[in-house]
>>> print(open('protein.cif').read())   # mmCIF, C-alpha atoms and all ligand atoms
data_target
#
loop_
_atom_site.label_atom_id
_atom_site.label_comp_id
_atom_site.auth_asym_id
_atom_site.auth_seq_id
_atom_site.Cartn_x
_atom_site.Cartn_y
_atom_site.Cartn_z
CA MET A 1 140.47 141.92 43.44
CA SER A 2 141.74 142.08 47.02
CA THR A 3 145.49 141.70 47.52
CA ASP A 4 145.07 141.23 51.28
CA THR A 5 146.57 137.86 52.12
CA GLY A 6 145.74 138.13 55.84
CA PRO A 7 148.15 138.22 58.74
CA PRO A 8 151.51 136.47 58.40
CA GLN A 9 151.11 132.80 59.30
CA GLY A 10 153.88 132.88 61.89
CA GLN A 11 152.14 135.71 63.72
CA LEU A 12 148.77 134.04 63.49
CA LYS A 13 150.20 130.84 64.94
CA TYR A 14 151.80 132.77 67.76
CA MET A 15 148.59 134.64 68.52
CA THR A 16 146.38 131.58 68.28
CA PRO A 17 147.73 128.65 70.29
CA PHE A 18 144.77 126.50 69.28
CA PRO A 19 144.53 124.29 66.20
CA ILE A 20 142.93 126.25 63.40
CA ALA A 21 140.32 124.14 61.64
CA PRO A 22 140.93 123.85 57.91
CA ASP A 23 138.23 125.18 55.63
CA PRO A 24 135.61 122.50 55.04
CA PRO A 25 135.97 120.95 51.56
CA THR A 26 132.52 122.18 50.55
CA PRO A 27 131.08 125.20 52.29
CA LYS A 28 128.13 124.49 54.58
CA PRO A 29 124.81 125.74 53.22
CA ILE A 30 123.81 129.00 54.86
CA PRO A 31 120.85 128.16 57.08
CA ASP A 32 118.17 130.83 56.95
CA ILE A 33 116.26 129.40 59.85
CA ILE A 34 116.82 126.74 62.49
CA HIS A 35 114.12 124.02 62.75
CA PRO A 36 112.20 125.09 59.57
CA ASP A 37 109.79 122.19 60.09
CA ARG A 38 108.45 123.55 63.36
CA SER A 39 105.82 126.18 64.12
CA LEU A 40 106.85 129.69 65.12
CA ALA A 41 106.03 129.09 68.77
CA GLU A 42 107.84 125.74 68.79
CA ARG A 43 110.91 127.31 67.20
CA ALA A 44 110.93 130.11 69.75
CA ALA A 45 110.60 127.66 72.63
CA ALA A 46 113.24 125.28 71.22
CA ARG A 47 115.80 128.05 71.01
CA PHE A 48 115.57 128.73 74.74
CA SER A 49 114.85 125.19 75.86
CA LEU A 50 117.08 123.42 78.38
CA ALA A 51 115.01 120.25 78.26
CA GLY A 52 116.79 117.30 79.81
CA LYS A 53 119.95 119.23 80.67
CA HIS A 54 121.94 118.64 83.86
CA ALA A 55 123.17 121.60 85.88
CA ILE A 56 125.23 122.66 88.88
CA VAL A 57 124.58 126.04 90.51
CA THR A 58 126.96 127.33 93.17
CA GLY A 59 125.59 129.80 95.70
CA GLY A 60 122.12 128.46 94.90
CA ALA A 61 120.92 128.38 98.51
CA GLN A 62 119.55 131.91 98.24
CA GLY A 63 119.58 135.18 96.35
CA LEU A 64 120.53 135.41 92.70
CA GLY A 65 121.72 131.80 92.50
CA LEU A 66 118.46 130.42 93.83
CA VAL A 67 116.29 132.41 91.41
CA SER A 68 118.51 131.60 88.44
CA ALA A 69 118.57 127.90 89.31
CA ARG A 70 114.80 127.97 89.50
CA ALA A 71 114.73 129.52 86.01
CA LEU A 72 116.85 126.61 84.72
CA LEU A 73 114.15 124.23 85.96
CA ASP A 74 111.43 126.37 84.35
CA HIS A 75 113.26 125.92 81.05
CA GLY A 76 113.46 122.14 81.34
CA VAL A 77 116.61 121.26 83.27
CA SER A 78 115.97 117.73 84.52
CA HIS A 79 118.84 117.33 87.03
CA LEU A 80 120.04 120.13 89.28
CA ALA A 81 122.72 120.14 91.98
CA ILE A 82 122.98 123.11 94.31
CA PHE A 83 126.40 123.71 95.88
CA ASP A 84 126.50 126.10 98.81
CA VAL A 85 128.40 126.46 102.06
CA ASP A 86 125.19 127.35 103.93
CA GLU A 87 123.65 123.96 104.67
CA LYS A 88 120.61 125.23 106.59
CA GLN A 89 119.66 127.70 103.88
CA GLY A 90 120.43 125.13 101.19
CA GLU A 91 118.15 122.46 102.63
CA ALA A 92 115.41 125.08 103.11
CA ALA A 93 115.88 126.27 99.53
CA LEU A 94 114.99 122.83 98.18
CA GLU A 95 111.36 123.82 98.78
CA HIS A 96 111.75 126.64 96.24
CA TYR A 97 112.79 124.09 93.67
CA ARG A 98 109.53 122.17 93.92
CA ASP A 99 106.13 123.44 92.98
CA ALA A 100 102.71 122.28 91.97
CA SER A 101 103.43 122.69 88.24
CA MET A 102 105.83 119.75 88.46
CA ASN A 103 103.97 116.46 88.21
CA GLU A 104 105.54 113.13 89.09
CA GLU A 105 106.68 112.51 85.51
CA SER A 106 108.23 115.90 84.88
CA LYS A 107 109.60 116.35 88.38
CA PRO A 108 113.29 117.20 88.15
CA VAL A 109 115.96 115.64 90.34
CA VAL A 110 117.22 118.36 92.69
CA VAL A 111 119.97 117.79 95.24
CA PHE A 112 121.75 120.04 97.68
CA LYS A 113 125.42 119.52 98.53
CA LYS A 114 127.29 121.37 101.19
CA VAL A 115 130.33 122.57 99.24
CA ASP A 116 132.80 125.31 100.04
CA VAL A 117 133.95 126.47 96.61
CA THR A 118 137.36 127.42 98.01
CA ASP A 119 138.10 123.83 99.04
CA GLU A 120 139.70 122.12 96.04
CA ALA A 121 139.29 118.54 97.29
CA MET A 122 135.67 119.11 98.29
CA VAL A 123 134.86 120.72 94.93
CA ASN A 124 136.49 117.92 92.92
CA GLU A 125 134.72 115.23 94.91
CA ALA A 126 131.33 116.95 94.68
CA VAL A 127 131.60 117.47 90.91
CA GLN A 128 132.69 113.86 90.36
CA ASP A 129 129.81 112.66 92.49
CA VAL A 130 127.28 114.74 90.54
CA SER A 131 128.74 113.60 87.24
CA HIS A 132 128.55 109.97 88.37
CA ASN A 133 124.90 110.32 89.45
CA PHE A 134 123.63 112.58 86.64
CA GLY A 135 125.67 111.06 83.79
CA THR A 136 126.80 114.40 82.35
CA ILE A 137 127.05 118.02 83.43
CA ASP A 138 125.85 120.43 80.74
CA ILE A 139 125.52 123.70 82.65
CA LEU A 140 127.43 125.38 85.45
CA LEU A 141 126.29 128.65 87.02
CA CYS A 142 128.77 130.15 89.52
CA PHE A 143 126.94 132.46 91.89
CA ALA A 144 128.84 131.76 95.13
CA GLY A 145 130.38 135.07 96.10
CA ILE A 146 131.02 137.41 99.00
CA THR A 147 131.64 141.11 99.50
CA ASP A 148 132.86 143.39 102.23
CA SER A 149 133.82 146.99 102.64
CA LYS A 150 137.04 148.50 103.93
CA LEU A 151 139.34 151.34 102.94
CA ALA A 152 142.37 150.02 101.08
CA VAL A 153 144.77 151.53 103.62
CA ASP A 154 143.05 149.53 106.37
CA TYR A 155 142.52 146.28 104.47
CA PRO A 156 144.03 143.29 106.31
CA ILE A 157 145.62 141.08 103.68
CA GLU A 158 143.88 137.95 104.95
CA GLN A 159 140.48 139.63 104.44
CA TRP A 160 141.51 140.79 100.96
CA ARG A 161 142.68 137.26 100.12
CA ARG A 162 139.40 135.74 101.34
CA ILE A 163 137.42 137.80 98.82
CA PHE A 164 139.61 136.52 96.00
CA ASP A 165 139.50 132.99 97.36
CA VAL A 166 135.72 132.80 97.07
CA ASN A 167 135.02 135.06 94.08
CA VAL A 168 137.91 134.18 91.76
CA HIS A 169 139.57 130.98 92.94
CA GLY A 170 136.25 129.39 93.92
CA SER A 171 134.77 130.10 90.48
CA PHE A 172 137.92 128.73 88.84
CA LEU A 173 137.98 125.54 90.93
CA VAL A 174 134.39 124.57 90.18
CA ALA A 175 134.71 125.49 86.49
CA ARG A 176 137.93 123.50 86.19
CA ALA A 177 136.38 120.40 87.76
CA VAL A 178 133.35 120.65 85.45
CA ALA A 179 135.50 121.31 82.37
CA ARG A 180 137.66 118.28 83.18
CA ASP A 181 134.53 116.16 83.34
CA ILE A 182 133.14 117.50 80.06
CA ILE A 183 136.50 117.02 78.31
CA ALA A 184 136.86 113.47 79.65
CA ARG A 185 133.39 112.60 78.35
CA SER A 186 133.86 114.48 75.05
CA SER A 187 130.53 116.13 75.74
CA SER A 188 129.77 119.87 75.74
CA GLY A 189 128.68 122.54 78.17
CA SER A 190 127.98 126.13 79.08
CA ILE A 191 129.57 127.87 82.06
CA VAL A 192 128.28 131.19 83.38
CA PHE A 193 130.32 133.11 85.95
CA THR A 194 128.87 135.93 88.04
CA ALA A 195 130.99 139.05 87.96
CA SER A 196 129.56 142.48 88.80
CA MET A 197 129.28 145.97 87.39
CA SER A 198 131.80 146.71 90.15
CA GLY A 199 134.32 144.91 87.95
CA TYR A 200 134.04 147.84 85.51
CA ILE A 201 133.52 150.87 87.73
CA VAL A 202 134.73 152.07 91.10
CA ASN A 203 131.34 151.62 92.67
CA THR A 204 130.80 154.23 95.38
CA PRO A 205 130.41 155.26 98.12
CA GLN A 206 131.37 151.94 99.72
CA PRO A 207 135.11 151.30 99.63
CA HIS A 208 135.36 147.74 98.34
CA SER A 209 138.49 147.51 96.25
CA ALA A 210 139.01 143.80 96.95
CA TYR A 211 135.51 142.96 95.71
CA ALA A 212 135.79 145.18 92.63
CA VAL A 213 139.22 143.85 91.65
CA SER A 214 138.05 140.27 92.21
CA LYS A 215 135.08 140.83 89.90
CA ALA A 216 137.33 142.37 87.23
CA GLY A 217 139.28 139.12 87.67
CA VAL A 218 136.12 137.15 86.97
CA HIS A 219 135.74 139.08 83.68
CA HIS A 220 139.15 137.93 82.59
CA LEU A 221 138.67 134.45 83.98
CA THR A 222 135.70 134.29 81.61
CA ARG A 223 137.74 135.25 78.55
CA SER A 224 140.71 133.08 79.50
CA MET A 225 138.65 129.94 80.07
CA ALA A 226 136.56 130.67 76.97
CA ALA A 227 139.74 130.74 74.89
CA GLU A 228 141.17 127.56 76.39
CA TRP A 229 137.99 125.51 76.26
CA VAL A 230 136.38 126.64 73.01
CA GLY A 231 137.99 123.67 71.25
CA HIS A 232 136.33 121.34 73.76
CA ASN A 233 132.79 122.58 73.05
CA ILE A 234 132.60 124.46 76.32
CA ARG A 235 131.26 128.00 76.15
CA VAL A 236 132.23 130.34 79.00
CA ASN A 237 130.45 133.64 79.60
CA SER A 238 129.64 135.89 82.53
CA ILE A 239 126.96 138.24 83.77
CA SER A 240 127.57 141.50 85.61
CA PRO A 241 124.64 142.45 87.80
CA GLY A 242 124.13 145.93 89.21
CA ILE A 243 122.35 146.62 92.48
CA MET A 244 120.03 143.65 92.95
CA ASN A 245 117.48 143.04 95.64
CA THR A 246 119.14 140.31 97.72
CA ARG A 247 120.68 140.36 101.19
CA LEU A 248 124.01 141.38 99.61
CA SER A 249 122.67 144.78 98.48
CA GLY A 250 119.10 144.85 99.72
CA GLY A 251 119.60 143.90 103.38
CA PRO A 252 119.14 146.21 106.37
CA ALA A 253 122.92 146.67 106.67
CA GLN A 254 122.98 148.47 103.33
CA ALA A 255 120.03 150.81 104.00
CA GLY A 256 122.07 154.05 103.88
CA LEU A 257 124.13 152.91 100.92
CA ARG A 258 121.05 151.84 99.05
CA ARG A 259 119.59 155.35 99.13
CA LEU A 260 122.80 156.70 97.55
CA TRP A 261 122.96 153.86 95.00
CA MET A 262 119.37 154.52 93.98
CA GLU A 263 120.14 158.19 93.30
CA ARG A 264 122.64 156.96 90.70
CA SER A 265 120.60 154.11 89.27
CA PRO A 266 118.40 155.09 86.31
CA MET A 267 116.19 152.01 86.70
CA GLY A 268 116.39 151.63 90.48
CA MET A 269 117.07 148.24 92.03
CA GLY A 270 116.97 145.02 90.04
CA ASP A 271 114.99 141.93 90.99
CA PRO A 272 116.84 138.58 90.97
CA GLU A 273 114.47 137.52 88.14
CA ASP A 274 115.97 140.26 85.96
CA LEU A 275 119.08 138.13 85.46
CA THR A 276 117.29 135.06 84.23
CA GLY A 277 116.82 136.13 80.60
CA ALA A 278 120.58 136.45 80.17
CA VAL A 279 121.26 133.22 82.08
CA ILE A 280 118.88 131.21 79.88
CA LEU A 281 120.24 132.85 76.73
CA LEU A 282 123.82 131.91 77.67
CA CYS A 283 122.91 128.31 78.56
CA SER A 284 120.61 127.54 75.64
CA ASP A 285 120.93 127.16 71.86
CA ALA A 286 119.90 130.80 71.56
CA GLY A 287 123.41 131.64 72.76
CA LYS A 288 125.28 128.88 70.98
CA PHE A 289 127.59 131.32 69.15
CA MET A 290 128.47 133.25 72.32
CA THR A 291 131.62 132.69 74.30
CA GLY A 292 133.99 134.93 76.26
CA VAL A 293 131.25 137.52 76.65
CA ASP A 294 130.11 139.47 79.70
CA ILE A 295 126.53 140.75 79.86
CA ARG A 296 125.85 143.77 82.10
CA ILE A 297 122.46 143.72 83.74
CA GLU A 298 122.46 146.87 85.83
CA GLY A 299 119.52 149.06 84.79
CA GLY A 300 121.75 151.63 83.08
CA TYR A 301 123.95 152.25 86.14
CA THR A 302 127.21 152.32 84.18
CA ILE A 303 125.96 154.46 81.28
CA PHE A 304 127.20 157.65 82.88
N1 LIG A 401 123.17 141.30 94.92
C1 LIG A 401 123.84 142.15 94.18
O1 LIG A 401 123.53 143.36 94.15
C2 LIG A 401 124.96 141.69 93.30
C3 LIG A 401 125.46 142.55 92.34
C4 LIG A 401 126.51 142.15 91.53
C5 LIG A 401 127.05 140.87 91.67
N2 LIG A 401 126.54 140.05 92.62
C6 LIG A 401 127.14 138.72 92.74
O2 LIG A 401 126.14 137.72 92.60
C7 LIG A 401 126.48 136.58 93.37
C8 LIG A 401 125.32 136.19 94.26
O3 LIG A 401 125.02 137.29 95.08
P1 LIG A 401 123.70 137.34 95.98
O4 LIG A 401 123.29 138.74 96.03
O5 LIG A 401 122.76 136.30 95.57
O6 LIG A 401 124.35 137.00 97.40
P2 LIG A 401 123.79 136.07 98.58
O7 LIG A 401 124.68 136.39 99.73
O8 LIG A 401 122.33 136.23 98.73
O9 LIG A 401 124.09 134.60 98.05
C9 LIG A 401 125.39 134.13 97.88
C10 LIG A 401 125.45 132.65 98.20
O10 LIG A 401 126.81 132.21 98.03
C11 LIG A 401 127.09 131.32 99.09
N3 LIG A 401 128.53 131.26 99.34
C12 LIG A 401 129.32 132.22 99.85
N4 LIG A 401 130.57 131.75 100.00
C13 LIG A 401 130.57 130.47 99.57
C14 LIG A 401 131.56 129.47 99.47
N5 LIG A 401 132.81 129.67 99.86
N6 LIG A 401 131.21 128.28 98.96
C15 LIG A 401 129.94 128.03 98.57
N7 LIG A 401 128.96 128.93 98.66
C16 LIG A 401 129.27 130.15 99.14
C17 LIG A 401 126.34 131.90 100.29
O11 LIG A 401 126.16 130.94 101.33
C18 LIG A 401 125.05 132.34 99.65
O12 LIG A 401 124.07 131.33 99.68
C19 LIG A 401 127.77 136.95 94.11
O13 LIG A 401 128.87 136.45 93.40
C20 LIG A 401 127.77 138.46 94.09
O14 LIG A 401 129.04 139.02 94.19
C21 LIG A 401 125.51 140.41 93.44
O1 LIG A 402 127.91 146.05 91.69
C1 LIG A 402 127.07 146.02 92.73
C2 LIG A 402 127.26 144.80 93.58
O2 LIG A 402 128.40 144.11 93.25
C3 LIG A 402 127.03 144.94 95.00
O3 LIG A 402 125.68 145.27 95.15
C4 LIG A 402 127.78 145.90 95.84
O4 LIG A 402 128.69 146.70 95.16
C5 LIG A 402 128.44 145.08 96.91
O5 LIG A 402 128.97 145.88 97.90
#
>>> encode(input="protein.cif", output="structure tokens", more="lines below")
Ligand SMILES: NC(=O)c1ccc[n+]([C@@H]2O[C@H](COP(=O)([O-])OP(=O)(O)OC[C@H]3O[C@@H](n4cnc5c(N)ncnc54)[C@H](O)[C@@H]3O)[C@@H](O)[C@H]2O)c1
Ligand SMILES: OC[C@@H](O)C(O)[C@H](O)CO
Amino acid sequence: MSTDTGPPQGQLKYMTPFPIAPDPPTPKPIPDIIHPDRSLAERAAARFSLAGKHAIVTGGAQGLGLVSARALLDHGVSHLAIFDVDEKQGEAALEHYRDASMNEESKPVVVFKKVDVTDEAMVNEAVQDVSHNFGTIDILLCFAGITDSKLAVDYPIEQWRRIFDVNVHGSFLVARAVARDIIARSSSGSIVFTASMSGYIVNTPQPHSAYAVSKAGVHHLTRSMAAEWVGHNIRVNSISPGIMNTRLSGGPAQAGLRRLWMERSPMGMGDPEDLTGAVILLCSDAGKFMTGVDIRIEGGYTIF
């Protein structure tokens, strides 16, 4: 018989500032399978379905945000709001969110809002507006982000701060506004931040300490918000892409760098679509027991 009585209660209380649920009076039956009444194909689809969900995607005017937002629609999201600072690109991107497979009945509601994620008042107003029009917000993907490159000894502090403002504070502001809405409605939701493999490694040869440190910040933002909001039925996770084919890494300005990156990348350059499996997993029932997790999607770049 085990004599282990677990950690001292005082310590546990100190380490866990959240109410600890008492054991249920009768243990729940152990489910062997979810949806036993459905066919195999139906069960598989149901696990990854986002049917009828409402989502906000920041940075969805182009690149990784656009492709991931499109994947949300493919999996059944019925209401989608794109937040991006680039109005021209955002309006143009609306075309990518419509296609022939969407008939009048199944056509999702897709709106673009010009939002600078660093502007607290603008973020709060935009989230409240979306919540008012959609009813609830179930999913938030934070893709808005910027990078630059400068040696640390030459880094002007304002430029360093700007990277943090968009990548860390911007992600926090939108997530906080959405979490407030979910908590006020006693509903539930899934938040996915976009970090980077550069949050784990000193990605070379480009000197981009501000970017890398900001993305390491996003990793911890993920865990911190996951811990604070788990009791409110909000799951918070992140993805860490490697070198992906968008203007941020795949543009003409990065041609020389790209050759060097590819020498180090076992699987070459990733397509934006390569993120969508993880995004759908984190937003759907398939990931319902996941929170505070970061998923690296970088083709083996950080193995070595
Ligand atoms: N492309 C890569 O190789 C790569 C790798 C790792 C991580 N990431 C991260 O993925 C995210 C998306 O990158 P991408 O490659 O699609 O870049 P992108 O430049 O193609 O798209 C980023 C989008 O964010 C928007 N944005 C920037 N600042 C904003 C602000 N203040 N408010 C609102 N919107 C703003 C831009 O207008 C743009 O539409 C970023 O957070 C980036 O750091 C990209
Ligand atoms: O981790 C790779 C990306 O974050 C990005 O492609 C690059 O490092 C930005 O300079």
>>> residues_around(input="protein.cif", residues="Asp271 of chain A", least_positions_apart="2", cutoff="6 Å", atoms="only C-alpha atoms", output="ChimeraX atom specification")
/A:244-245,273-274
>>> atom_distance(input="protein.cif", atom1="atom CA of Gly63 of chain A", atom2="atom CA of Thr118 of chain A")
19.5 Å
>>> atom_distance(input="protein.cif", atom1="atom CA of Phe164 of chain A", atom2="atom CA of Gly199 of chain A")
12.8 Å
>>> closest_residue(input="protein.cif", among="A:Arg235, A:Gly242, A:Arg47, A:Lys215", to="His35 of chain A", atoms="all atoms listed in the file")
A:Arg47
>>> residues_near_ligand(input="protein.cif", ligand="ligand LIG 402 (chain A)", cutoff="7 Å", atoms="only C-alpha atoms and all ligand atoms", output="list in words")
Thr147, Asp148, Ser149, Ser196, Met197, Ser198, Asn203, Gln206, His208, Pro241, Gly242, Ile243, Met244, Leu248 and Ser249 of chain A
>>> closest_residue(input="protein.cif", among="A:Ile295, A:Ala41, A:Ala184, A:Met225", to="ligand LIG 401 (chain A)", atoms="only C-alpha atoms and all ligand atoms")
A:Ile295
>>> atom_distance(input="protein.cif", atom1="atom CA of Arg223 of chain A", atom2="atom CA of Ala286 of chain A")
19.7 Å
>>> closest_residue(input="protein.cif", among="A:Gly135, A:Pro108, A:Gly250, A:Gly217", to="ligand LIG 401 (chain A)", atoms="all atoms listed in the file")
A:Gly250
>>> residues_near_ligand(input="protein.cif", ligand="ligand LIG 401 (chain A)", cutoff="8 Å", atoms="only C-alpha atoms and all ligand atoms", output="number ranges by chain")
A: 58-66, 83-86, 89-90, 114-119, 142-147, 165-167, 170, 194-198, 211, 215, 240-250, 270, 272
>>> write_last_selection(input="protein.cif", atoms="C-alpha atoms", output="PDB file, keeping the file's coordinate frame")
ATOM      1  CA  THR A  58     126.960 127.330  93.170  1.00  0.00           C
ATOM      2  CA  GLY A  59     125.590 129.800  95.700  1.00  0.00           C
ATOM      3  CA  GLY A  60     122.120 128.460  94.900  1.00  0.00           C
ATOM      4  CA  ALA A  61     120.920 128.380  98.510  1.00  0.00           C
ATOM      5  CA  GLN A  62     119.550 131.910  98.240  1.00  0.00           C
ATOM      6  CA  GLY A  63     119.580 135.180  96.350  1.00  0.00           C
ATOM      7  CA  LEU A  64     120.530 135.410  92.700  1.00  0.00           C
ATOM      8  CA  GLY A  65     121.720 131.800  92.500  1.00  0.00           C
ATOM      9  CA  LEU A  66     118.460 130.420  93.830  1.00  0.00           C
ATOM     10  CA  PHE A  83     126.400 123.710  95.880  1.00  0.00           C
ATOM     11  CA  ASP A  84     126.500 126.100  98.810  1.00  0.00           C
ATOM     12  CA  VAL A  85     128.400 126.460 102.060  1.00  0.00           C
ATOM     13  CA  ASP A  86     125.190 127.350 103.930  1.00  0.00           C
ATOM     14  CA  GLN A  89     119.660 127.700 103.880  1.00  0.00           C
ATOM     15  CA  GLY A  90     120.430 125.130 101.190  1.00  0.00           C
ATOM     16  CA  LYS A 114     127.290 121.370 101.190  1.00  0.00           C
ATOM     17  CA  VAL A 115     130.330 122.570  99.240  1.00  0.00           C
ATOM     18  CA  ASP A 116     132.800 125.310 100.040  1.00  0.00           C
ATOM     19  CA  VAL A 117     133.950 126.470  96.610  1.00  0.00           C
ATOM     20  CA  THR A 118     137.360 127.420  98.010  1.00  0.00           C
ATOM     21  CA  ASP A 119     138.100 123.830  99.040  1.00  0.00           C
ATOM     22  CA  CYS A 142     128.770 130.150  89.520  1.00  0.00           C
ATOM     23  CA  PHE A 143     126.940 132.460  91.890  1.00  0.00           C
ATOM     24  CA  ALA A 144     128.840 131.760  95.130  1.00  0.00           C
ATOM     25  CA  GLY A 145     130.380 135.070  96.100  1.00  0.00           C
ATOM     26  CA  ILE A 146     131.020 137.410  99.000  1.00  0.00           C
ATOM     27  CA  THR A 147     131.640 141.110  99.500  1.00  0.00           C
ATOM     28  CA  ASP A 165     139.500 132.990  97.360  1.00  0.00           C
ATOM     29  CA  VAL A 166     135.720 132.800  97.070  1.00  0.00           C
ATOM     30  CA  ASN A 167     135.020 135.060  94.080  1.00  0.00           C
ATOM     31  CA  GLY A 170     136.250 129.390  93.920  1.00  0.00           C
ATOM     32  CA  THR A 194     128.870 135.930  88.040  1.00  0.00           C
ATOM     33  CA  ALA A 195     130.990 139.050  87.960  1.00  0.00           C
ATOM     34  CA  SER A 196     129.560 142.480  88.800  1.00  0.00           C
ATOM     35  CA  MET A 197     129.280 145.970  87.390  1.00  0.00           C
ATOM     36  CA  SER A 198     131.800 146.710  90.150  1.00  0.00           C
ATOM     37  CA  TYR A 211     135.510 142.960  95.710  1.00  0.00           C
ATOM     38  CA  LYS A 215     135.080 140.830  89.900  1.00  0.00           C
ATOM     39  CA  SER A 240     127.570 141.500  85.610  1.00  0.00           C
ATOM     40  CA  PRO A 241     124.640 142.450  87.800  1.00  0.00           C
ATOM     41  CA  GLY A 242     124.130 145.930  89.210  1.00  0.00           C
ATOM     42  CA  ILE A 243     122.350 146.620  92.480  1.00  0.00           C
ATOM     43  CA  MET A 244     120.030 143.650  92.950  1.00  0.00           C
ATOM     44  CA  ASN A 245     117.480 143.040  95.640  1.00  0.00           C
ATOM     45  CA  THR A 246     119.140 140.310  97.720  1.00  0.00           C
ATOM     46  CA  ARG A 247     120.680 140.360 101.190  1.00  0.00           C
ATOM     47  CA  LEU A 248     124.010 141.380  99.610  1.00  0.00           C
ATOM     48  CA  SER A 249     122.670 144.780  98.480  1.00  0.00           C
ATOM     49  CA  GLY A 250     119.100 144.850  99.720  1.00  0.00           C
ATOM     50  CA  GLY A 270     116.970 145.020  90.040  1.00  0.00           C
ATOM     51  CA  PRO A 272     116.840 138.580  90.970  1.00  0.00           C
TER      52      PRO A 272
END
>>> residues_around(input="protein.cif", residues="His79 of chain A", least_positions_apart="2", cutoff="7 Å", atoms="only C-alpha atoms", output="PDB file with C-alpha atoms, in the coordinates of the input")
ATOM      1  CA  LYS A  53     119.950 119.230  80.670  1.00  0.00           C
ATOM      2  CA  HIS A  54     121.940 118.640  83.860  1.00  0.00           C
ATOM      3  CA  ALA A  55     123.170 121.600  85.880  1.00  0.00           C
ATOM      4  CA  VAL A  77     116.610 121.260  83.270  1.00  0.00           C
ATOM      5  CA  ALA A  81     122.720 120.140  91.980  1.00  0.00           C
ATOM      6  CA  PRO A 108     113.290 117.200  88.150  1.00  0.00           C
ATOM      7  CA  VAL A 109     115.960 115.640  90.340  1.00  0.00           C
ATOM      8  CA  VAL A 110     117.220 118.360  92.690  1.00  0.00           C
ATOM      9  CA  PHE A 134     123.630 112.580  86.640  1.00  0.00           C
TER      10      PHE A 134
END
>>> closest_residue(input="protein.cif", among="A:Pro252, A:Gly76, A:Pro156, A:Gly231", to="Phe48 of chain A", atoms="only C-alpha atoms")
A:Gly76
>>> closest_residue(input="protein.cif", among="A:Val127, A:Ala45, A:Ser190, A:Thr204", to="Met262 of chain A", atoms="only C-alpha atoms")
A:Thr204
>>> closest_residue(input="protein.cif", among="A:Arg185, A:Arg98, A:Gly251, A:Glu105", to="His132 of chain A", atoms="all atoms listed in the file")
A:Arg185
